[in-house]
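As C-alpha cells, the structure follows; a few thoughts come after it.
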Amino acid sequence: MILRRYLLLVWCVGAALGAVPPLSPETAFAEAEVVVVGVLETPSVEEVEQREGVVNAVATSPVAVMAVEKGAPVASVSYWYPLERPAGFTGHQGQSPRPPSGVPLRLFAKADGELLIPNGWLPYDGPIGSESDIQVTVDGEGVEAAPEEEEAAEDPVSEEEEEPPLVEEDDPPAKEEEEEEEEQPTADEEPLA
C-alpha cells in the first residue's frame, strides 16, 4: 500500500514538472506582447550552467522586422534550449524546435523580445505588409480566432459577357457556293418558271 502511494506521488510530481505543451497560434497571439513577422539572423549563443548536469544554450538573434502585428517592433529576440540534462530529467525544454535563421517567421514574444515557451515562432509564407493569416478578434470574453474568409478569385468577365466559343465547321462558305451554282441555270438550260 505504501509503495502504491509512493508511485502515485512520483507520477504526479513528474507530470507536474513535465515539458510545456505547444501553444496554438491563437493562444500564442493572445499571450504575446509583441508579434512580428521577420527574418532572424544567425544567433549568438552562450552556454549557461544552471546547476550540475543542467546546461542551457541562451541565444540572441537580431531580427529584420518585415511587419508588426501586435505591440512594438523588437531589434532582437532571445530564447533558450537545453544542451545537457541528467538522466531522467523532467521540466521545461526551452524553445522546441529552435527557430531557423534566414527565413520569414512569425515571432511571438514578451515585450523584452524573449520568445514564448515552448514554441514562440511559426513559419510564415504569407504576403508581407498585408492582412495576416492569423486573424484575431477580441470579444467581451477574451481573444478568439476569427473564421477564415475564403477569397474567391473572380473572373473580370461575367458569364453573360463571355463570347461564345468558336466552332469549327467544314468550310460552310464553300457549300453555300455549290448550292448557288446548282440553282443558277446555265446558258444551255431554260429557266424554270
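Note on naming: chains are A, B, ... as they come in the C-alpha cells, residues start from 1 per chain, ligands start from 1 in the order shown.
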(request) Can you check which residues of segment 27-98 of chain A DSSP gives as strand (DSSP E) on the backbone and send them as number ranges by chain? (result) A: 34-40, 44-51, 54-70, 76-84
(request) For segment 93-110 of chain A, please output as a ChimeraX atom specification all residues within 9 Å (counting only C-alpha atoms; exclusion window: fewer than 4 positions along the same chain). (result) /A:18-20,22,28-29,31-43,56,61,66,77-82,114-125
(message) Would you compute the distance between atom CA of Gly113 of chain A and atom CA of Val74 of chain A? Give it in Å to one decimal.
(response)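 Value for the atom CA of Gly113 of chain A-atom CA of Val74 of chain A distance: 6.2 Å.
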(request) Rank nothing, just name the residue among A:Pro127, A:Pro73, A:Pro21, A:Pro86 nearest to Val55 of chain A, using only C-alpha atoms. (result) A:Pro86
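Nearest to Ala67 of chain A of all the residues A:Val48, A:Glu84, A:Gly126, A:Thr90 is A:Gly126, based on only C-alpha atoms.
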(request) Between A:Ala111, A:Ala64, A:Ala59, A:Ala75, single out the one closest to Glu47 of chain A, counting only C-alpha atoms. (result)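 Once distances to Glu47 of chain A are computed over only C-alpha atoms, the minimum belongs to A:Ala59.
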